[in-house]
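Okay, structure first, notes after.
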2 protein chains.
Amino acid sequence: MSFAETFKALSDPVRREILTLLKTGRMSAGEIGSHFDMTGATVSYHLNILKKADLVYEEREKNFIYYNLNTSVVEEIMLWLKDLRGDNNG
Amino acid sequence: MSFAETFKALSDPVRREILTLLKTGRMSAGEIGSHFDMTGATVSYHLNILKKADLVYEEREKNFIYYNLNTSVVEEIMLWLKDLRGDNNG
DNA sequence: GGGGTATTTAGAAAAATTTCTAAATACCCC
DNA sequence: GGGGTATTTAGAAATTTTTCTAAATACCCC
């Protein structure tokens, strides 16, 4: 939701890797988990942080929960960074 | 230095505010500190994290240490984000 | 409904971060 | 050199984050 939450969410390497995984399309929680050497509970914890930060959203289907990248919040962060470096050009 | 370090550095609100302060130009450690309700030691801790992340660099003059924003690392972060959202357009 | 798979929640332990106080370093200028 | 200001370093306390295990929830399909 908040801007600060988004930056916090992006600060963890596991969460950034999750976002990278989602670049190519949605993925179930279990599938995401299989890319990491940690329990499903821990992956769920990270997904929840990404969700609260609005960096991902979920779609429930059958017995699965699929996670999707939400790029609109990524845009917001880019705007903040652009402003920081001086938004002339680019 | 590392990419992960930069994101971590950006994840703290105090440090983001420091960067915003530096947008208009360099500022001494003491001047930066006067904008916050915390001890100089704590401000120094945050400045050190920003420095390690290459987000700022320092210039020593007389009895002061001036901090400057380093925008080139900001660019790197923007590239990562651009790639994440799909770098078509923008 | 009941067994089964997928995922989350709760609670606790371990690890990392943020903050403070006190002391140390650095450099100025007389 | 010595007193003075600016800043950092060291070490400890408080807080937050990350992770795990165990249990709970959710939903499927026979």
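Quick note on naming: the chains in the structure tokens go A, B, ... in the order shown, residues restart at 1 in each chain, and ligands are numbered from 1 in order of appearance.
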
Please identify every residue of chain B that has at least one atom no farther than 12 Å from an atom of chain A, counting only C-alpha atoms, and for each give the shortest atom pair and the distance in Å to one decimal, arranged by chain then increasing number, as JSON lines.
```
{"residue": "B:Ser2", "atom": "CA", "partner": "A:Pro13", "partner_atom": "CA", "distance": 11.7}
{"residue": "B:Phe3", "atom": "CA", "partner": "A:Pro13", "partner_atom": "CA", "distance": 9.7}
{"residue": "B:Ala4", "atom": "CA", "partner": "A:Pro13", "partner_atom": "CA", "distance": 6.7}
{"residue": "B:Glu5", "atom": "CA", "partner": "A:Ser11", "partner_atom": "CA", "distance": 8.3}
{"residue": "B:Thr6", "atom": "CA", "partner": "A:Ser11", "partner_atom": "CA", "distance": 8.4}
{"residue": "B:Phe7", "atom": "CA", "partner": "A:Ser11", "partner_atom": "CA", "distance": 4.9}
{"residue": "B:Lys8", "atom": "CA", "partner": "A:Ser11", "partner_atom": "CA", "distance": 4.7}
{"residue": "B:Ala9", "atom": "CA", "partner": "A:Ser11", "partner_atom": "CA", "distance": 8.0}
{"residue": "B:Leu10", "atom": "CA", "partner": "A:Phe7", "partner_atom": "CA", "distance": 6.7}
{"residue": "B:Ser11", "atom": "CA", "partner": "A:Lys8", "partner_atom": "CA", "distance": 4.7}
{"residue": "B:Asp12", "atom": "CA", "partner": "A:Lys8", "partner_atom": "CA", "distance": 7.3}
{"residue": "B:Pro13", "atom": "CA", "partner": "A:Ala4", "partner_atom": "CA", "distance": 6.7}
{"residue": "B:Val14", "atom": "CA", "partner": "A:Ala4", "partner_atom": "CA", "distance": 10.5}
{"residue": "B:Arg15", "atom": "CA", "partner": "A:Ala4", "partner_atom": "CA", "distance": 11.3}
{"residue": "B:Arg16", "atom": "CA", "partner": "A:Ala4", "partner_atom": "CA", "distance": 9.4}
{"residue": "B:Glu17", "atom": "CA", "partner": "A:Leu84", "partner_atom": "CA", "distance": 10.5}
{"residue": "B:Ile18", "atom": "CA", "partner": "A:Leu84", "partner_atom": "CA", "distance": 11.0}
{"residue": "B:Leu19", "atom": "CA", "partner": "A:Leu84", "partner_atom": "CA", "distance": 7.5}
{"residue": "B:Thr20", "atom": "CA", "partner": "A:Leu84", "partner_atom": "CA", "distance": 6.5}
{"residue": "B:Leu21", "atom": "CA", "partner": "A:Leu84", "partner_atom": "CA", "distance": 9.7}
{"residue": "B:Leu22", "atom": "CA", "partner": "A:Leu84", "partner_atom": "CA", "distance": 9.0}
{"residue": "B:Lys23", "atom": "CA", "partner": "A:Leu84", "partner_atom": "CA", "distance": 6.3}
{"residue": "B:Thr24", "atom": "CA", "partner": "A:Gly86", "partner_atom": "CA", "distance": 9.5}
{"residue": "B:Gly25", "atom": "CA", "partner": "A:Arg85", "partner_atom": "CA", "distance": 11.4}
{"residue": "B:Leu55", "atom": "CA", "partner": "A:Arg85", "partner_atom": "CA", "distance": 10.7}
{"residue": "B:Val56", "atom": "CA", "partner": "A:Arg85", "partner_atom": "CA", "distance": 11.8}
{"residue": "B:Asn68", "atom": "CA", "partner": "A:Arg85", "partner_atom": "CA", "distance": 11.6}
{"residue": "B:Leu69", "atom": "CA", "partner": "A:Arg85", "partner_atom": "CA", "distance": 8.3}
{"residue": "B:Asn70", "atom": "CA", "partner": "A:Arg85", "partner_atom": "CA", "distance": 8.3}
{"residue": "B:Thr71", "atom": "CA", "partner": "A:Arg85", "partner_atom": "CA", "distance": 5.3}
{"residue": "B:Ser72", "atom": "CA", "partner": "A:Arg85", "partner_atom": "CA", "distance": 8.3}
{"residue": "B:Val73", "atom": "CA", "partner": "A:Arg85", "partner_atom": "CA", "distance": 9.5}
{"residue": "B:Val74", "atom": "CA", "partner": "A:Leu81", "partner_atom": "CA", "distance": 6.5}
{"residue": "B:Glu75", "atom": "CA", "partner": "A:Arg85", "partner_atom": "CA", "distance": 7.9}
{"residue": "B:Glu76", "atom": "CA", "partner": "A:Leu81", "partner_atom": "CA", "distance": 10.3}
{"residue": "B:Ile77", "atom": "CA", "partner": "A:Leu81", "partner_atom": "CA", "distance": 8.3}
{"residue": "B:Met78", "atom": "CA", "partner": "A:Met78", "partner_atom": "CA", "distance": 6.0}
{"residue": "B:Leu79", "atom": "CA", "partner": "A:Met78", "partner_atom": "CA", "distance": 9.2}
{"residue": "B:Trp80", "atom": "CA", "partner": "A:Thr20", "partner_atom": "CA", "distance": 9.9}
{"residue": "B:Leu81", "atom": "CA", "partner": "A:Val74", "partner_atom": "CA", "distance": 6.6}
{"residue": "B:Lys82", "atom": "CA", "partner": "A:Met78", "partner_atom": "CA", "distance": 8.0}
{"residue": "B:Asp83", "atom": "CA", "partner": "A:Lys23", "partner_atom": "CA", "distance": 8.9}
{"residue": "B:Leu84", "atom": "CA", "partner": "A:Lys23", "partner_atom": "CA", "distance": 6.3}
{"residue": "B:Arg85", "atom": "CA", "partner": "A:Thr71", "partner_atom": "CA", "distance": 5.3}
{"residue": "B:Gly86", "atom": "CA", "partner": "A:Lys23", "partner_atom": "CA", "distance": 7.7}
{"residue": "B:Asp87", "atom": "CA", "partner": "A:Lys23", "partner_atom": "CA", "distance": 11.1}
{"residue": "B:Asn89", "atom": "CA", "partner": "A:Gly90", "partner_atom": "CA", "distance": 11.2}
{"residue": "B:Gly90", "atom": "CA", "partner": "A:Gly90", "partner_atom": "CA", "distance": 7.7}
```

Write to file, as a compact mmCIF listing (two decimals), in the first residue's frame, the residues of the selection just made, with N, CA and C atoms.
```
# COMPACT_ATOMS: atom_id res chain seq x y z
N SER B 2 27.47 -3.56 -3.81
CA SER B 2 26.62 -4.52 -4.50
C SER B 2 25.21 -3.98 -4.68
N PHE B 3 24.56 -4.59 -5.64
CA PHE B 3 23.20 -4.27 -6.01
C PHE B 3 22.25 -4.44 -4.83
N ALA B 4 22.38 -5.56 -4.14
CA ALA B 4 21.52 -5.85 -2.99
C ALA B 4 21.69 -4.78 -1.92
N GLU B 5 22.93 -4.36 -1.71
CA GLU B 5 23.22 -3.32 -0.73
C GLU B 5 22.49 -2.02 -1.05
N THR B 6 22.41 -1.73 -2.31
CA THR B 6 21.75 -0.49 -2.73
C THR B 6 20.26 -0.53 -2.40
N PHE B 7 19.63 -1.64 -2.69
CA PHE B 7 18.21 -1.76 -2.37
C PHE B 7 17.97 -1.69 -0.88
N LYS B 8 18.81 -2.37 -0.12
CA LYS B 8 18.71 -2.33 1.34
C LYS B 8 18.82 -0.89 1.82
N ALA B 9 19.79 -0.18 1.27
CA ALA B 9 20.01 1.20 1.67
C ALA B 9 18.78 2.05 1.41
N LEU B 10 18.13 1.79 0.30
CA LEU B 10 16.95 2.58 -0.08
C LEU B 10 15.73 2.21 0.73
N SER B 11 15.79 1.11 1.47
CA SER B 11 14.59 0.61 2.15
C SER B 11 14.26 1.38 3.43
N ASP B 12 15.17 2.21 3.90
CA ASP B 12 14.91 2.93 5.14
C ASP B 12 14.46 4.38 4.88
N PRO B 13 13.38 4.81 5.54
CA PRO B 13 12.82 6.14 5.30
C PRO B 13 13.79 7.28 5.65
N VAL B 14 14.57 7.10 6.71
CA VAL B 14 15.55 8.13 7.06
C VAL B 14 16.55 8.30 5.93
N ARG B 15 17.03 7.17 5.43
CA ARG B 15 18.03 7.26 4.36
C ARG B 15 17.46 7.84 3.08
N ARG B 16 16.21 7.52 2.79
CA ARG B 16 15.60 8.13 1.60
C ARG B 16 15.47 9.62 1.78
N GLU B 17 15.15 10.04 3.01
CA GLU B 17 15.03 11.48 3.24
C GLU B 17 16.38 12.18 3.12
N ILE B 18 17.42 11.50 3.57
CA ILE B 18 18.77 12.06 3.41
C ILE B 18 19.06 12.28 1.92
N LEU B 19 18.75 11.28 1.12
CA LEU B 19 19.00 11.41 -0.32
C LEU B 19 18.22 12.57 -0.91
N THR B 20 16.99 12.72 -0.45
CA THR B 20 16.16 13.83 -0.94
C THR B 20 16.79 15.17 -0.56
N LEU B 21 17.31 15.24 0.66
CA LEU B 21 17.98 16.46 1.10
C LEU B 21 19.15 16.81 0.17
N LEU B 22 19.85 15.78 -0.25
CA LEU B 22 21.06 15.99 -1.06
C LEU B 22 20.75 16.32 -2.51
N LYS B 23 19.49 16.20 -2.88
CA LYS B 23 19.09 16.49 -4.26
C LYS B 23 19.51 17.90 -4.68
N THR B 24 19.36 18.84 -3.74
CA THR B 24 19.66 20.24 -4.07
C THR B 24 21.14 20.58 -3.96
N GLY B 25 21.92 19.64 -3.47
CA GLY B 25 23.36 19.91 -3.37
C GLY B 25 23.95 19.26 -2.14
N LEU B 55 25.54 5.27 -2.87
CA LEU B 55 24.49 6.23 -3.18
C LEU B 55 24.92 7.65 -2.86
N VAL B 56 25.94 7.77 -2.02
CA VAL B 56 26.53 9.09 -1.75
C VAL B 56 28.06 8.95 -1.73
N ASN B 68 27.46 14.05 -0.85
CA ASN B 68 26.86 14.32 -2.16
C ASN B 68 26.09 13.10 -2.64
N LEU B 69 25.04 13.36 -3.37
CA LEU B 69 24.28 12.30 -4.01
C LEU B 69 25.08 11.75 -5.19
N ASN B 70 25.07 10.42 -5.33
CA ASN B 70 25.69 9.81 -6.50
C ASN B 70 24.60 9.21 -7.38
N THR B 71 24.28 9.91 -8.45
CA THR B 71 23.10 9.51 -9.24
C THR B 71 23.35 8.29 -10.14
N SER B 72 24.62 7.96 -10.36
CA SER B 72 24.87 6.85 -11.31
C SER B 72 24.32 5.53 -10.78
N VAL B 73 24.35 5.36 -9.47
CA VAL B 73 23.81 4.11 -8.92
C VAL B 73 22.28 4.11 -8.97
N VAL B 74 21.73 5.30 -8.84
CA VAL B 74 20.27 5.43 -9.00
C VAL B 74 19.86 4.93 -10.39
N GLU B 75 20.67 5.26 -11.39
CA GLU B 75 20.40 4.78 -12.75
C GLU B 75 20.34 3.26 -12.81
N GLU B 76 21.30 2.63 -12.14
CA GLU B 76 21.36 1.16 -12.16
C GLU B 76 20.08 0.53 -11.62
N ILE B 77 19.60 1.11 -10.52
CA ILE B 77 18.36 0.60 -9.94
C ILE B 77 17.20 0.77 -10.90
N MET B 78 17.19 1.92 -11.56
CA MET B 78 16.12 2.17 -12.52
C MET B 78 16.15 1.15 -13.65
N LEU B 79 17.35 0.78 -14.08
CA LEU B 79 17.46 -0.23 -15.14
C LEU B 79 16.86 -1.56 -14.69
N TRP B 80 17.16 -1.93 -13.45
CA TRP B 80 16.62 -3.19 -12.94
C TRP B 80 15.08 -3.14 -12.95
N LEU B 81 14.55 -2.02 -12.50
CA LEU B 81 13.10 -1.88 -12.44
C LEU B 81 12.48 -1.86 -13.84
N LYS B 82 13.15 -1.19 -14.74
CA LYS B 82 12.68 -1.14 -16.13
C LYS B 82 12.59 -2.55 -16.69
N ASP B 83 13.63 -3.31 -16.44
CA ASP B 83 13.67 -4.68 -16.94
C ASP B 83 12.53 -5.50 -16.33
N LEU B 84 12.27 -5.24 -15.06
CA LEU B 84 11.22 -5.97 -14.38
C LEU B 84 9.85 -5.73 -15.01
N ARG B 85 9.55 -4.50 -15.26
CA ARG B 85 8.20 -4.22 -15.79
C ARG B 85 8.14 -4.48 -17.29
N GLY B 86 9.27 -4.92 -17.88
CA GLY B 86 9.31 -5.14 -19.33
C GLY B 86 9.75 -3.85 -19.96
N ASP B 87 10.92 -3.83 -20.58
CA ASP B 87 11.52 -2.54 -20.89
C ASP B 87 11.10 -1.96 -22.23
N ASN B 89 9.17 0.49 -24.23
CA ASN B 89 8.68 1.86 -23.96
C ASN B 89 9.06 2.41 -22.59
N GLY B 90 9.81 3.48 -22.63
CA GLY B 90 10.26 4.14 -21.41
C GLY B 90 11.67 3.76 -21.09
```

What residues in chain A get the DSSP label strand (DSSP E or B)? Please answer as a PyMOL selection string.
chain A and resi 27-28+56-61+64-69

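If we count only C-alpha atoms (C1' of nucleotides), these residues of chain B sit within 10 Å of chain C: Met38, Thr39, Ala41, Thr42, Val43, Tyr45, His46, Glu61, Lys62, Asn63 and Phe64 of chain B.
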
Mind dumping the selected residues with N, CA and C atoms as a PDB file, in the first residue's frame?
```pdb
ATOM      1  N   MET B  38      17.471  12.648  15.911  1.00  0.00           N
ATOM      2  CA  MET B  38      18.282  11.517  16.352  1.00  0.00           C
ATOM      3  C   MET B  38      19.715  11.997  16.566  1.00  0.00           C
ATOM      4  N   THR B  39      20.500  11.198  17.246  1.00  0.00           N
ATOM      5  CA  THR B  39      21.864  11.631  17.554  1.00  0.00           C
ATOM      6  C   THR B  39      22.735  11.648  16.296  1.00  0.00           C
ATOM      7  N   ALA B  41      25.505  10.255  16.005  1.00  0.00           N
ATOM      8  CA  ALA B  41      26.036   8.904  15.802  1.00  0.00           C
ATOM      9  C   ALA B  41      25.116   8.081  14.916  1.00  0.00           C
ATOM     10  N   THR B  42      23.819   8.225  15.150  1.00  0.00           N
ATOM     11  CA  THR B  42      22.861   7.469  14.347  1.00  0.00           C
ATOM     12  C   THR B  42      22.855   7.958  12.901  1.00  0.00           C
ATOM     13  N   VAL B  43      22.917   9.251  12.738  1.00  0.00           N
ATOM     14  CA  VAL B  43      22.975   9.799  11.378  1.00  0.00           C
ATOM     15  C   VAL B  43      24.225   9.285  10.674  1.00  0.00           C
ATOM     16  N   TYR B  45      25.716   6.528  11.186  1.00  0.00           N
ATOM     17  CA  TYR B  45      25.453   5.133  10.822  1.00  0.00           C
ATOM     18  C   TYR B  45      24.716   5.049   9.480  1.00  0.00           C
ATOM     19  N   HIS B  46      23.707   5.874   9.322  1.00  0.00           N
ATOM     20  CA  HIS B  46      22.933   5.855   8.075  1.00  0.00           C
ATOM     21  C   HIS B  46      23.774   6.352   6.892  1.00  0.00           C
ATOM     22  N   GLU B  61      36.480  18.843   3.744  1.00  0.00           N
ATOM     23  CA  GLU B  61      36.949  20.214   3.619  1.00  0.00           C
ATOM     24  C   GLU B  61      37.010  20.832   5.000  1.00  0.00           C
ATOM     25  N   LYS B  62      38.153  21.413   5.310  1.00  0.00           N
ATOM     26  CA  LYS B  62      38.333  21.992   6.629  1.00  0.00           C
ATOM     27  C   LYS B  62      37.881  20.973   7.679  1.00  0.00           C
ATOM     28  N   ASN B  63      37.040  21.451   8.548  1.00  0.00           N
ATOM     29  CA  ASN B  63      36.608  20.591   9.641  1.00  0.00           C
ATOM     30  C   ASN B  63      35.328  19.819   9.330  1.00  0.00           C
ATOM     31  N   PHE B  64      34.900  19.843   8.071  1.00  0.00           N
ATOM     32  CA  PHE B  64      33.602  19.263   7.727  1.00  0.00           C
ATOM     33  C   PHE B  64      33.720  18.121   6.728  1.00  0.00           C
TER      34      PHE B  64
END
```

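Set the cut-off at 7 Å, count only C-alpha atoms (C1' of nucleotides), and the residues of chain D near chain A turn out to be DT19, DC27 and DC28 of chain D.
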
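Remark: for D:DT7, the closest of the candidate residues B:Gly40, B:Ile32, B:Glu58, B:Arg26 is B:Gly40 (distances computed over only C-alpha atoms (C1' of nucleotides)).
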
**Message:** Just list as a PyMOL selection string whatever in chain B DSSP marks as alpha helix (DSSP H).
**Reply:** chain B and resi 3-10+13-22+29-33+40-52+71-85

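Note that the spacing between atom C1' of D:DG3 and atom CA of B:Glu59 amounts to 25.6 Å.
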
A straight line from atom C1' of D:DA26 to atom CA of A:His35 spans 23.7 Å

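The two atoms in question, atom C1' of D:DT21 and atom CA of A:Glu31, are spaced 21.2 Å apart.
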